[in-house]
Structure formats: C-alpha cells, structure tokens
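Asker: Dropping in input-v1.cif, which is mmCIF, C-alpha atoms:
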```
data_upload
loop_
_atom_site.group_PDB
_atom_site.id
_atom_site.type_symbol
_atom_site.label_atom_id
_atom_site.label_comp_id
_atom_site.auth_asym_id
_atom_site.auth_seq_id
_atom_site.Cartn_x
_atom_site.Cartn_y
_atom_site.Cartn_z
ATOM 1 C CA MET A 1 -19.552 -15.135 38.860
ATOM 2 C CA ASN A 2 -18.383 -18.595 37.722
ATOM 3 C CA ARG A 3 -14.896 -18.721 36.298
ATOM 4 C CA GLN A 4 -13.690 -21.477 34.032
ATOM 5 C CA PRO A 5 -10.789 -23.544 35.370
ATOM 6 C CA ALA A 6 -7.323 -22.783 34.028
ATOM 7 C CA LEU A 7 -6.211 -24.795 31.035
ATOM 8 C CA ARG A 8 -3.552 -27.418 31.583
ATOM 9 C CA GLU A 9 -0.076 -27.173 30.109
ATOM 10 C CA GLU A 10 -0.676 -30.326 28.045
ATOM 11 C CA THR A 11 -3.718 -28.720 26.369
ATOM 12 C CA PHE A 12 -1.710 -25.671 25.317
ATOM 13 C CA GLU A 13 1.033 -27.924 23.993
ATOM 14 C CA ALA A 14 -1.460 -29.966 21.965
ATOM 15 C CA ALA A 15 -2.904 -26.765 20.477
ATOM 16 C CA ALA A 16 0.615 -25.505 19.712
ATOM 17 C CA ASP A 17 1.498 -28.787 18.020
ATOM 18 C CA TRP A 18 -1.592 -28.591 15.784
ATOM 19 C CA LEU A 19 -0.835 -24.975 14.926
ATOM 20 C CA LEU A 20 2.677 -25.890 13.795
ATOM 21 C CA LYS A 21 1.360 -28.716 11.623
ATOM 22 C CA ILE A 22 -1.326 -26.537 10.026
ATOM 23 C CA GLN A 23 1.069 -23.633 9.399
ATOM 24 C CA GLN A 24 3.506 -25.976 7.668
ATOM 25 C CA GLY A 25 0.710 -26.991 5.290
ATOM 26 C CA THR A 26 1.482 -30.722 5.338
ATOM 27 C CA LEU A 27 -1.688 -32.165 6.881
ATOM 28 C CA SER A 28 -3.009 -35.334 5.283
ATOM 29 C CA ALA A 29 -6.742 -36.010 4.991
ATOM 30 C CA GLN A 30 -6.495 -38.278 8.045
ATOM 31 C CA GLU A 31 -4.686 -35.603 10.046
ATOM 32 C CA LYS A 32 -7.363 -33.041 9.169
ATOM 33 C CA GLN A 33 -9.947 -35.476 10.511
ATOM 34 C CA ASP A 34 -7.826 -36.049 13.622
ATOM 35 C CA PHE A 35 -7.635 -32.289 14.190
ATOM 36 C CA GLN A 36 -11.424 -31.970 14.044
ATOM 37 C CA GLN A 37 -11.802 -34.856 16.489
ATOM 38 C CA TRP A 38 -9.293 -33.271 18.881
ATOM 39 C CA LEU A 39 -11.065 -29.924 18.617
ATOM 40 C CA THR A 40 -14.503 -31.306 19.446
ATOM 41 C CA HIS A 41 -13.339 -33.875 21.997
ATOM 42 C CA ALA A 42 -13.231 -31.480 24.954
ATOM 43 C CA ASP A 43 -14.262 -27.931 25.793
ATOM 44 C CA ASP A 44 -10.704 -27.252 26.986
ATOM 45 C CA ASN A 45 -9.411 -28.019 23.488
ATOM 46 C CA ARG A 46 -11.801 -25.477 21.967
ATOM 47 C CA ARG A 47 -10.783 -22.900 24.591
ATOM 48 C CA ALA A 48 -7.103 -23.451 23.784
ATOM 49 C CA TRP A 49 -7.803 -23.090 20.059
ATOM 50 C CA GLN A 50 -9.632 -19.824 20.749
ATOM 51 C CA ARG A 51 -6.296 -18.527 22.028
ATOM 52 C CA VAL A 52 -4.632 -19.759 18.837
ATOM 53 C CA GLU A 53 -7.178 -17.807 16.790
ATOM 54 C CA LYS A 54 -6.673 -14.664 18.829
ATOM 55 C CA LEU A 55 -2.887 -14.936 18.580
ATOM 56 C CA MET A 56 -3.064 -15.457 14.833
ATOM 57 C CA GLY A 57 -5.529 -12.583 14.530
ATOM 58 C CA GLN A 58 -3.006 -10.323 16.244
ATOM 59 C CA LEU A 59 0.160 -11.564 14.546
ATOM 60 C CA GLY A 60 -1.120 -12.910 11.218
ATOM 61 C CA THR A 61 1.291 -15.856 11.343
ATOM 62 C CA LEU A 62 3.740 -17.526 13.691
ATOM 63 C CA PRO A 63 6.300 -15.252 15.356
ATOM 64 C CA PRO A 64 9.327 -15.278 13.012
ATOM 65 C CA ASP A 65 11.743 -16.867 15.473
ATOM 66 C CA ILE A 66 9.315 -19.666 16.326
ATOM 67 C CA ALA A 67 8.546 -20.236 12.631
ATOM 68 C CA ARG A 68 12.248 -20.560 11.829
ATOM 69 C CA GLN A 69 12.695 -22.983 14.726
ATOM 70 C CA ALA A 70 9.814 -25.116 13.517
ATOM 71 C CA LEU A 71 11.086 -25.312 9.955
ATOM 72 C CA ASN A 72 14.672 -26.025 10.957
ATOM 73 C CA ALA A 73 14.015 -28.497 13.765
ATOM 74 C CA PRO A 74 15.946 -31.639 12.718
ATOM 75 C CA ASP A 75 14.702 -33.917 15.493
ATOM 76 C CA ASN A 76 11.890 -34.427 17.965
ATOM 77 C CA SER A 77 13.762 -32.778 20.842
ATOM 78 C CA GLU A 78 14.058 -29.459 19.022
ATOM 79 C CA ARG A 79 10.445 -29.642 17.883
ATOM 80 C CA ARG A 80 9.461 -30.266 21.505
ATOM 81 C CA THR A 81 11.269 -27.081 22.488
ATOM 82 C CA THR A 82 9.443 -25.149 19.766
ATOM 83 C CA VAL A 83 6.071 -26.518 20.874
ATOM 84 C CA THR A 84 6.832 -25.578 24.482
ATOM 85 C CA ARG A 85 7.754 -22.000 23.527
ATOM 86 C CA LEU A 86 4.611 -21.618 21.462
ATOM 87 C CA ALA A 87 2.471 -23.126 24.247
ATOM 88 C CA LEU A 88 3.844 -20.541 26.687
ATOM 89 C CA LEU A 89 2.973 -17.784 24.220
ATOM 90 C CA LEU A 90 -0.577 -19.144 23.861
ATOM 91 C CA ALA A 91 -0.985 -19.263 27.633
ATOM 92 C CA ALA A 92 -0.103 -15.567 27.796
ATOM 93 C CA VAL A 93 -2.761 -14.504 25.267
ATOM 94 C CA PRO A 94 -5.483 -12.621 27.202
ATOM 95 C CA LEU A 95 -9.079 -13.511 26.357
ATOM 96 C CA ALA A 96 -10.800 -11.251 28.890
ATOM 97 C CA GLY A 97 -13.387 -9.020 27.248
ATOM 98 C CA SER A 98 -13.208 -10.924 23.964
ATOM 99 C CA LEU A 99 -15.272 -13.707 22.455
ATOM 100 C CA TRP A 100 -13.453 -15.850 19.908
ATOM 101 C CA TYR A 101 -14.972 -18.661 17.911
ATOM 102 C CA VAL A 102 -13.319 -21.429 15.939
ATOM 103 C CA SER A 103 -14.342 -19.956 12.607
ATOM 104 C CA ARG A 104 -11.284 -20.170 10.331
ATOM 105 C CA GLU A 105 -11.267 -23.936 9.756
ATOM 106 C CA PRO A 106 -12.255 -23.658 6.060
ATOM 107 C CA ALA A 107 -9.515 -21.074 5.537
ATOM 108 C CA LEU A 108 -6.919 -23.276 7.246
ATOM 109 C CA PHE A 109 -7.548 -26.124 4.829
ATOM 110 C CA ALA A 110 -8.347 -24.094 1.673
ATOM 111 C CA GLY A 111 -7.025 -25.254 -1.681
ATOM 112 C CA HIS A 112 -5.490 -21.869 -2.514
ATOM 113 C CA LYS A 113 -4.218 -19.391 0.054
ATOM 114 C CA THR A 114 -1.639 -16.703 0.685
ATOM 115 C CA ALA A 115 0.407 -15.882 3.754
ATOM 116 C CA VAL A 116 0.530 -12.445 5.323
ATOM 117 C CA GLY A 117 2.247 -10.103 2.852
ATOM 118 C CA GLU A 118 1.955 -12.560 -0.051
ATOM 119 C CA ARG A 119 -0.012 -12.207 -3.298
ATOM 120 C CA LYS A 120 -0.765 -14.944 -5.790
ATOM 121 C CA THR A 121 -2.469 -15.171 -9.198
ATOM 122 C CA LEU A 122 -4.117 -18.254 -10.672
ATOM 123 C CA GLN A 123 -5.934 -18.911 -13.917
ATOM 124 C CA LEU A 124 -8.926 -21.246 -13.931
ATOM 125 C CA GLU A 125 -9.831 -23.681 -16.682
ATOM 126 C CA ASP A 126 -12.341 -21.260 -18.254
ATOM 127 C CA GLY A 127 -9.760 -18.464 -18.476
ATOM 128 C CA THR A 128 -10.943 -16.647 -15.357
ATOM 129 C CA VAL A 129 -8.014 -14.996 -13.550
ATOM 130 C CA ILE A 130 -8.069 -14.578 -9.763
ATOM 131 C CA THR A 131 -5.491 -12.615 -7.794
ATOM 132 C CA LEU A 132 -5.361 -13.348 -4.069
ATOM 133 C CA ASN A 133 -4.343 -10.525 -1.762
ATOM 134 C CA THR A 134 -2.501 -10.935 1.538
ATOM 135 C CA ASP A 135 -3.813 -13.544 4.029
ATOM 136 C CA THR A 136 -6.502 -14.861 1.673
ATOM 137 C CA ALA A 137 -8.019 -18.328 1.318
ATOM 138 C CA ILE A 138 -10.292 -19.675 -1.422
ATOM 139 C CA ASP A 139 -11.530 -22.965 -2.797
ATOM 140 C CA VAL A 140 -12.441 -23.553 -6.444
ATOM 141 C CA GLN A 141 -15.229 -25.993 -7.276
ATOM 142 C CA TYR A 142 -15.733 -26.657 -10.985
ATOM 143 C CA ASP A 143 -17.954 -29.557 -12.009
ATOM 144 C CA HIS A 144 -20.605 -30.373 -14.628
ATOM 145 C CA ALA A 145 -23.242 -28.358 -12.738
ATOM 146 C CA GLY A 146 -21.427 -25.083 -12.263
ATOM 147 C CA ARG A 147 -18.342 -23.021 -11.517
ATOM 148 C CA LYS A 148 -17.941 -21.791 -7.967
ATOM 149 C CA VAL A 149 -15.250 -19.899 -6.022
ATOM 150 C CA LEU A 150 -15.545 -19.975 -2.230
ATOM 151 C CA LEU A 151 -13.949 -16.959 -0.520
ATOM 152 C CA HIS A 152 -13.175 -17.987 3.069
ATOM 153 C CA SER A 153 -11.038 -15.028 4.100
ATOM 154 C CA GLY A 154 -9.153 -12.059 2.697
ATOM 155 C CA GLU A 155 -9.561 -10.313 -0.664
ATOM 156 C CA ILE A 156 -9.610 -11.285 -4.326
ATOM 157 C CA TYR A 157 -9.493 -9.458 -7.652
ATOM 158 C CA LEU A 158 -11.320 -11.434 -10.322
ATOM 159 C CA GLU A 159 -11.477 -11.070 -14.089
ATOM 160 C CA THR A 160 -13.917 -13.464 -15.708
ATOM 161 C CA GLY A 161 -12.728 -15.597 -18.587
ATOM 162 C CA LYS A 162 -13.639 -14.995 -22.215
ATOM 163 C CA GLN A 163 -14.044 -18.677 -23.117
ATOM 164 C CA PRO A 164 -17.692 -19.732 -23.716
ATOM 165 C CA ASP A 165 -18.990 -21.812 -20.812
ATOM 166 C CA ALA A 166 -22.676 -22.491 -20.180
ATOM 167 C CA ARG A 167 -22.150 -23.492 -16.552
ATOM 168 C CA PRO A 168 -23.255 -20.793 -14.061
ATOM 169 C CA PHE A 169 -20.416 -18.963 -12.283
ATOM 170 C CA GLN A 170 -20.553 -17.476 -8.793
ATOM 171 C CA VAL A 171 -18.340 -16.387 -5.915
ATOM 172 C CA VAL A 172 -19.660 -17.485 -2.520
ATOM 173 C CA THR A 173 -19.099 -15.759 0.836
ATOM 174 C CA ARG A 174 -20.941 -16.023 4.137
ATOM 175 C CA PHE A 175 -22.603 -12.667 3.380
ATOM 176 C CA GLY A 176 -23.943 -13.581 -0.029
ATOM 177 C CA HIS A 177 -23.284 -14.988 -3.489
ATOM 178 C CA PHE A 178 -21.941 -12.916 -6.368
ATOM 179 C CA ARG A 179 -22.623 -13.580 -10.045
ATOM 180 C CA PRO A 180 -20.323 -11.699 -12.440
ATOM 181 C CA LEU A 181 -21.798 -10.470 -15.687
ATOM 182 C CA GLY A 182 -18.633 -10.265 -17.806
ATOM 183 C CA THR A 183 -16.563 -8.217 -15.465
ATOM 184 C CA ARG A 184 -13.600 -7.265 -13.312
ATOM 185 C CA PHE A 185 -14.335 -6.830 -9.627
ATOM 186 C CA LEU A 186 -12.945 -7.081 -6.105
ATOM 187 C CA LEU A 187 -14.353 -8.787 -3.028
ATOM 188 C CA HIS A 188 -12.875 -8.035 0.402
ATOM 189 C CA LEU A 189 -14.214 -10.291 3.145
ATOM 190 C CA GLN A 190 -14.081 -8.688 6.591
ATOM 191 C CA THR A 191 -15.236 -9.769 10.047
ATOM 192 C CA ASP A 192 -18.798 -8.496 9.777
ATOM 193 C CA SER A 193 -19.250 -7.686 6.093
ATOM 194 C CA VAL A 194 -17.952 -8.062 2.555
ATOM 195 C CA GLN A 195 -17.084 -5.161 0.251
ATOM 196 C CA LEU A 196 -17.852 -5.471 -3.454
ATOM 197 C CA THR A 197 -16.136 -3.102 -5.887
ATOM 198 C CA VAL A 198 -16.984 -3.369 -9.596
ATOM 199 C CA GLN A 199 -14.459 -2.021 -12.089
ATOM 200 C CA GLN A 200 -15.876 -3.341 -15.361
ATOM 201 C CA GLY A 201 -19.172 -4.883 -16.427
ATOM 202 C CA ALA A 202 -21.645 -5.687 -13.663
ATOM 203 C CA VAL A 203 -22.055 -8.045 -10.692
ATOM 204 C CA GLU A 204 -25.267 -9.406 -9.232
ATOM 205 C CA ALA A 205 -25.195 -9.835 -5.450
ATOM 206 C CA ILE A 206 -27.625 -12.370 -3.970
ATOM 207 C CA ARG A 207 -28.053 -11.876 -0.225
ATOM 208 C CA PRO A 208 -28.759 -14.682 2.299
ATOM 209 C CA GLN A 209 -32.359 -13.396 2.468
ATOM 210 C CA HIS A 210 -32.590 -13.872 -1.336
ATOM 211 C CA GLN A 211 -32.453 -10.120 -1.942
ATOM 212 C CA ARG A 212 -30.812 -9.254 -5.251
ATOM 213 C CA LEU A 213 -28.699 -6.233 -6.049
ATOM 214 C CA ILE A 214 -26.869 -5.407 -9.283
ATOM 215 C CA LEU A 215 -23.803 -3.152 -9.238
ATOM 216 C CA GLN A 216 -22.433 -1.536 -12.367
ATOM 217 C CA ALA A 217 -18.852 -0.556 -13.207
ATOM 218 C CA GLY A 218 -17.593 2.240 -10.970
ATOM 219 C CA GLU A 219 -19.797 1.285 -8.004
ATOM 220 C CA GLN A 220 -19.111 -0.344 -4.641
ATOM 221 C CA VAL A 221 -21.159 -1.496 -1.660
ATOM 222 C CA GLN A 222 -20.635 -3.002 1.806
ATOM 223 C CA LEU A 223 -22.846 -5.995 2.605
ATOM 224 C CA GLY A 224 -23.371 -7.261 6.157
ATOM 225 C CA GLN A 225 -25.384 -10.222 7.388
ATOM 226 C CA ALA A 226 -28.654 -8.305 7.429
ATOM 227 C CA THR A 227 -27.781 -4.834 6.180
ATOM 228 C CA ALA A 228 -26.228 -3.142 3.166
ATOM 229 C CA SER A 229 -24.594 0.256 2.857
ATOM 230 C CA ASN A 230 -25.613 2.697 0.164
ATOM 231 C CA ILE A 231 -24.036 2.140 -3.238
ATOM 232 C CA THR A 232 -21.188 4.631 -3.602
ATOM 233 C CA PRO A 233 -18.633 5.532 -6.300
ATOM 234 C CA ALA A 234 -15.856 2.945 -6.387
ATOM 235 C CA ASP A 235 -12.310 3.721 -5.337
ATOM 236 C CA GLU A 236 -10.521 3.883 -8.684
ATOM 237 C CA HIS A 237 -7.306 2.669 -7.029
ATOM 238 C CA ALA A 238 -8.948 -0.281 -5.236
ATOM 239 C CA ASN A 239 -6.879 -2.837 -7.147
ATOM 240 C CA ALA A 240 -3.526 -1.031 -6.775
ATOM 241 C CA TRP A 241 -2.467 -3.821 -4.410
ATOM 242 C CA THR A 242 -2.286 -6.201 -7.375
ATOM 243 C CA THR A 243 0.825 -4.266 -8.472
ATOM 244 C CA GLY A 244 2.241 -4.131 -4.953
ATOM 245 C CA MET A 245 1.283 -0.537 -4.155
ATOM 246 C CA LEU A 246 -0.985 1.341 -1.752
ATOM 247 C CA LEU A 247 -2.163 4.695 -3.132
ATOM 248 C CA ALA A 248 -3.291 7.242 -0.566
ATOM 249 C CA ASP A 249 -4.967 10.593 -1.149
ATOM 250 C CA ALA A 250 -5.413 12.480 2.132
ATOM 251 C CA MET A 251 -6.087 9.136 3.844
ATOM 252 C CA PRO A 252 -6.307 9.302 7.679
ATOM 253 C CA LEU A 253 -3.217 7.714 9.214
ATOM 254 C CA GLU A 254 -5.297 5.274 11.251
ATOM 255 C CA GLN A 255 -6.968 4.004 8.075
ATOM 256 C CA PHE A 256 -3.594 3.894 6.309
ATOM 257 C CA ALA A 257 -2.098 1.836 9.155
ATOM 258 C CA GLY A 258 -5.054 -0.549 8.989
ATOM 259 C CA LYS A 259 -4.370 -1.179 5.303
ATOM 260 C CA ILE A 260 -0.587 -1.537 5.680
ATOM 261 C CA GLY A 261 -1.053 -3.706 8.770
ATOM 262 C CA ARG A 262 -2.677 -6.403 6.643
ATOM 263 C CA TYR A 263 0.674 -6.953 4.897
ATOM 264 C CA ARG A 264 2.871 -7.404 7.968
ATOM 265 C CA ASN A 265 3.042 -9.871 10.822
ATOM 266 C CA GLY A 266 2.119 -8.522 14.215
ATOM 267 C CA ARG A 267 -0.008 -5.574 15.197
ATOM 268 C CA LEU A 268 0.339 -2.022 13.880
ATOM 269 C CA SER A 269 -1.372 0.769 15.834
ATOM 270 C CA VAL A 270 -1.458 4.569 15.822
ATOM 271 C CA ASP A 271 -1.373 7.089 18.651
ATOM 272 C CA ALA A 272 -4.765 8.837 18.957
ATOM 273 C CA ALA A 273 -3.096 12.241 18.649
ATOM 274 C CA ILE A 274 -2.143 11.552 15.014
ATOM 275 C CA ALA A 275 -4.941 9.181 13.990
ATOM 276 C CA ASN A 276 -6.447 11.739 11.580
ATOM 277 C CA LEU A 277 -3.169 12.881 10.028
ATOM 278 C CA ALA A 278 -3.770 13.041 6.241
ATOM 279 C CA ILE A 279 -1.451 10.725 4.271
ATOM 280 C CA SER A 280 -0.878 10.980 0.525
ATOM 281 C CA GLY A 281 1.437 9.231 -1.894
ATOM 282 C CA ALA A 282 2.293 5.804 -3.331
ATOM 283 C CA TYR A 283 3.717 3.257 -0.901
ATOM 284 C CA PRO A 284 5.138 -0.257 -1.532
ATOM 285 C CA LEU A 285 3.399 -3.206 0.093
ATOM 286 C CA ASP A 286 6.174 -5.777 -0.271
ATOM 287 C CA ASN A 287 8.418 -4.144 2.341
ATOM 288 C CA THR A 288 6.246 -2.601 5.041
ATOM 289 C CA ASP A 289 9.237 -1.744 7.238
ATOM 290 C CA GLN A 290 10.512 0.429 4.385
ATOM 291 C CA THR A 291 7.054 1.944 3.961
ATOM 292 C CA LEU A 292 6.852 2.856 7.647
ATOM 293 C CA ALA A 293 10.335 4.370 7.492
ATOM 294 C CA MET A 294 9.272 6.490 4.484
ATOM 295 C CA LEU A 295 6.156 7.529 6.349
ATOM 296 C CA ALA A 296 8.041 8.441 9.506
ATOM 297 C CA GLU A 297 10.509 10.600 7.598
ATOM 298 C CA ALA A 298 7.870 12.369 5.501
ATOM 299 C CA TYR A 299 5.486 13.115 8.373
ATOM 300 C CA GLN A 300 7.884 13.361 11.333
ATOM 301 C CA LEU A 301 6.610 10.265 13.109
ATOM 302 C CA ARG A 302 8.290 7.885 15.509
ATOM 303 C CA ILE A 303 8.152 4.101 15.111
ATOM 304 C CA GLU A 304 7.995 2.239 18.426
ATOM 305 C CA SER A 305 8.523 -1.511 18.628
ATOM 306 C CA HIS A 306 7.100 -3.633 21.458
ATOM 307 C CA TRP A 307 6.558 -7.284 22.420
ATOM 308 C CA PHE A 308 9.804 -8.464 20.804
ATOM 309 C CA GLY A 309 8.924 -6.717 17.560
ATOM 310 C CA TYR A 310 5.446 -8.249 17.210
ATOM 311 C CA ALA A 311 3.710 -4.930 18.006
ATOM 312 C CA THR A 312 4.512 -1.629 16.281
ATOM 313 C CA ARG A 313 3.083 1.771 17.162
ATOM 314 C CA LEU A 314 3.263 5.076 15.299
ATOM 315 C CA THR A 315 3.540 8.091 17.591
ATOM 316 C CA PRO A 316 4.302 11.803 17.164
ATOM 317 C CA SER A 317 7.961 12.602 16.896
ATOM 318 C CA THR A 318 9.286 14.258 20.047
ATOM 319 C CA PRO A 319 10.432 17.888 19.596
#
```
Represent the supplied structure as structure tokens.
Answerer:
Amino acid sequence: MNRQPALREETFEAAADWLLKIQQGTLSAQEKQDFQQWLTHADDNRRAWQRVEKLMGQLGTLPPDIARQALNAPDNSERRTTVTRLALLLAAVPLAGSLWYVSREPALFAGHKTAVGERKTLQLEDGTVITLNTDTAIDVQYDHAGRKVLLHSGEIYLETGKQPDARPFQVVTRFGHFRPLGTRFLLHLQTDSVQLTVQQGAVEAIRPQHQRLILQAGEQVQLGQATASNITPADEHANAWTTGMLLADAMPLEQFAGKIGRYRNGRLSVDAAIANLAISGAYPLDNTDQTLAMLAEAYQLRIESHWFGYATRLTPSTP
C-alpha cells in the first residue's frame, strides 16, 4: 500500500497563515486570488487544507485561545507564534479513515455569513427578510434578470417581500433550486441533503434532474442529490431558533446534542448508554454552556471536558 509522504512544517504554517487571514475576514480580491493559486499550486497544499477543513468541521471556528492571540498580536513575532501553534494543531489532526475535499471555498468568501453561535437578519431591496442561523453563508445576487439567494452552508429562514417585483426569485443550493410562492420557509443545508420546511404559502423545489415538487404550508421534505424523502408534516417549532430557543418534545438526547452542538465551538458527543434519553423543554441557544448545565441538572448527567475544552461529552451521572 502506497503512503503519501508527510507534509512539511512550512506547508502547515502556510495553511495556518491562510486560515488566520480568512477567519479575520479581511482578504482583498487579490488575496482571494492568491489563496486559490496557493491551493492549486501543489498537492501538498490541498492536503494541508484538507486538515484545515477537518479541524474547522470539528471545532466550528478557531480555538478560542488561538483566536484571541491572532486578534491581539501587535507585531509579526507574535503572529508568527500564533501561526506556529495553529500549524502544530493542524499537524495533529488525523485524516485516517476520512476523505475531505476543499468544498467550503464559496462559504469562506460569502457576502453574508454568521459565526458559530451567531444569528443575523437582513432585509433585501424587495422587502424579503432572511434570517441566517449559526455557521451560515449566503450570497445575494439581484440584477435586471432576476433575484437569487445562494445558500452555501448552514440554515436560513426566509419571508418573501410584499413589494411588487416582476423579476423571478429563487434560492439556490447544490441539491436544487427553490422558488417561493408568497411564503415563509426554512432551508437547512447539510452534508448530503437539504431540508425544506414550509410554514406559509408554498415553495416549488426544482431538482438537479429537473424534477419539480411543490410543498404547501405545514409540509417538509429532505432532498438529496438523487433522492427525496417522503413529504411529512412540518415541525411547528422549526423556526424557534430565530428567537434564540430550542424546543424539545421527547427528543432523543443524541439528536438534542446534535442540534445544540451547532451553536458551540468544538465537538459535543453523547455516551451511547444515554443516547435515547428523551429530552423535553425550552433551552436557550445563546449560552450553550448554561443549556448543558440545565440539562445535566434536570436529567442527572455528567459533563466531561476533553482536548483543552474543545471536546465535550455527556455521560451518565455516577451513583
């Protein structure tokens, strides 16, 4: 079996330097072009960036101490130290058994995006209101030919504007295009599918194979690249996150942790022994540490912290 040669320290440092620049959101058009050239210049660069993607997939953003260092670094020597620390962290990210692609480039450079745990609302020129959930990236393209929102990652809640506008409107994802018919709806883009939930009006979904599907208010569906789930009744609390709350009604703890984990940096996991524990109640999303503490007290759970606080695990409380 052929093994790829180990990456050099300089390659990790270059990847770490680009990550810092992108996270700080200050890239110029020329720097974005330079990043693409660096990425495609050598296979080693792509391999190093795969580790960046895996790290960011696990943590959601830079480790807090490294992020603070980067923002507060007053000179090149301190920035060099930050880059070195981040490069060491990238070198430690295991890739065995995983296949990671450089797929988040549009999200990195999107015109509107939120960090992990952040929500943001914007109003478009036609009165349409879009609320971005945690870790979401979109672009808005309005011109004489049409109105288009590109959802690159994350989740949005959209209420179409009431102002007359003859230009066609659609939301575009890699799993299909969505044409609202005077409506309020949610789109949650996941790794292998997108979930559409219609709360008012109707939405026409146009699949990559040109298949068309119309969902009415109170319906939801999961659309993959080549498949679609059955249309089911919509979760009436699907947009509770827009008010900063997660509402659970006998929700399995593993599913609950998956939802809460989207709003916190690092990885949140659950011991298999309590994965199906039924959780109910209303929980705040803006302070997930508080939410976990509430959960632990109400259900007699233990919160374990690992990897310098970047990994959290819920386990049964010891007798």
Asker: Smallest atom-to-atom distance to Arg207 of chain A: which of A:Leu151, A:Leu223, A:Val140, A:Ala250, using only C-alpha atoms?
Answerer: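 Checking each candidate against Arg207 of chain A, we get A:Leu223 as the closest.
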Asker: From the set A:Trp38, A:Asn45, A:Thr84, A:Ala110, which residue has the shortest atom-to-atom contact distance to Glu13 of chain A, counting all atoms listed in the file?
Answerer: A:Thr84
Asker: Name all residues at most 8 Å from Leu268 of chain A (count all atoms listed in the file; drop same-chain ones fewer than 4 positions away) and give them as a ChimeraX atom specification.
Answerer: /A:257-258,261,311-314
Asker: Would you kindly return, as a list in words, each protein, DNA or RNA residue with an atom no farther than 9 Å from any atom of Ser317 of chain A, considering only C-alpha atoms and excluding same-chain residues fewer than 5 positions away?
Answerer: Ala296, Tyr299, Gln300, Leu301, Arg302 and Ile303 of chain A
Asker: Between atom CA of Glu304 of chain A and atom CA of Ser269 of chain A, measure the distance and give it in Å to one decimal.
Answerer: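 Going from atom CA of Glu304 of chain A over to atom CA of Ser269 of chain A, I get 9.8 Å.
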Asker: Using all atoms listed in the file, what residues lie at most 9 Å away from (-5.2, 7.0, 2.1) (file coordinates), given as a PyMOL selection string?
Answerer: chain A and resi 246-253+255-256+259+278-281
Asker: Grab all the atoms of segment 238-253 of chain A that the file lists, wrap them in a box along x, y and z, add 8 Å per side, and give me centre plus edge lengths in Å (one decimal) as JSON.
Answerer:
```
{"center_x": -3.4, "center_y": 3.1, "center_z": 0.4, "size_x": 27.2, "size_y": 34.7, "size_z": 33.7}
```
Asker: Residues at most 7 Å from segment 112-116 of chain A, counting only C-alpha atoms, excluding those fewer than 4 positions away in the same chain, as an NGL selection string?
Answerer: :A and (60-61 or 120 or 132 or 134-139 or 262-265)
Asker: What's the separation between atom CA of Val171 of chain A and atom CA of Arg212 of chain A, in Å to one decimal place?
Answerer: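 Between atom CA of Val171 of chain A and atom CA of Arg212 of chain A the gap is 14.4 Å.
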Asker: Would you give me, as a tab-separated table, each residue of segment 202-311 of chain A having an atom within 8 Å of an atom of segment 185-188 of chain A, along with its shortest atom pair and that distance in Å to one decimal, using all atoms listed in the file and sorting by chain and residue number?
Answerer:
```
residue	atom	partner	partner_atom	distance
A:Val203	CA	A:Phe185	CA	7.9
A:Ala238	CA	A:Leu186	CA	7.9
A:Asn239	CA	A:Leu186	CA	7.5
```
Asker: Output segment 37-54 of chain A with N, CA and C atoms present, as a short mmCIF file (atom, residue, chain, number, x, y, z; two decimals), in the frame of the given file.
Answerer:
```
data_model
loop_
_atom_site.label_atom_id
_atom_site.label_comp_id
_atom_site.auth_asym_id
_atom_site.auth_seq_id
_atom_site.Cartn_x
_atom_site.Cartn_y
_atom_site.Cartn_z
N GLN A 37 -11.44 -34.02 15.34
CA GLN A 37 -11.80 -34.86 16.49
C GLN A 37 -11.20 -34.31 17.78
N TRP A 38 -9.93 -33.86 17.70
CA TRP A 38 -9.29 -33.27 18.88
C TRP A 38 -10.04 -32.01 19.31
N LEU A 39 -10.42 -31.20 18.33
CA LEU A 39 -11.06 -29.92 18.62
C LEU A 39 -12.40 -30.11 19.32
N THR A 40 -13.16 -31.11 18.89
CA THR A 40 -14.50 -31.31 19.45
C THR A 40 -14.53 -32.28 20.62
N HIS A 41 -13.38 -32.87 20.94
CA HIS A 41 -13.34 -33.88 22.00
C HIS A 41 -13.60 -33.28 23.38
N ALA A 42 -13.10 -32.07 23.63
CA ALA A 42 -13.23 -31.48 24.95
C ALA A 42 -13.35 -29.97 24.85
N ASP A 43 -14.10 -29.38 25.78
CA ASP A 43 -14.26 -27.93 25.79
C ASP A 43 -12.92 -27.24 25.99
N ASP A 44 -12.02 -27.85 26.77
CA ASP A 44 -10.70 -27.25 26.99
C ASP A 44 -9.94 -27.12 25.67
N ASN A 45 -10.09 -28.09 24.78
CA ASN A 45 -9.41 -28.02 23.49
C ASN A 45 -9.92 -26.83 22.68
N ARG A 46 -11.22 -26.62 22.69
CA ARG A 46 -11.80 -25.48 21.97
C ARG A 46 -11.33 -24.17 22.59
N ARG A 47 -11.24 -24.12 23.92
CA ARG A 47 -10.78 -22.90 24.59
C ARG A 47 -9.32 -22.61 24.23
N ALA A 48 -8.51 -23.65 24.16
CA ALA A 48 -7.10 -23.45 23.78
C ALA A 48 -7.00 -22.97 22.34
N TRP A 49 -7.86 -23.52 21.46
CA TRP A 49 -7.80 -23.09 20.06
C TRP A 49 -8.33 -21.67 19.89
N GLN A 50 -9.21 -21.22 20.77
CA GLN A 50 -9.63 -19.82 20.75
C GLN A 50 -8.43 -18.91 20.96
N ARG A 51 -7.51 -19.32 21.81
CA ARG A 51 -6.30 -18.53 22.03
C ARG A 51 -5.41 -18.55 20.78
N VAL A 52 -5.38 -19.69 20.10
CA VAL A 52 -4.63 -19.76 18.84
C VAL A 52 -5.21 -18.75 17.86
N GLU A 53 -6.54 -18.72 17.73
CA GLU A 53 -7.18 -17.81 16.79
C GLU A 53 -6.90 -16.35 17.15
N LYS A 54 -6.93 -16.05 18.43
CA LYS A 54 -6.67 -14.66 18.83
C LYS A 54 -5.22 -14.29 18.55
#
```
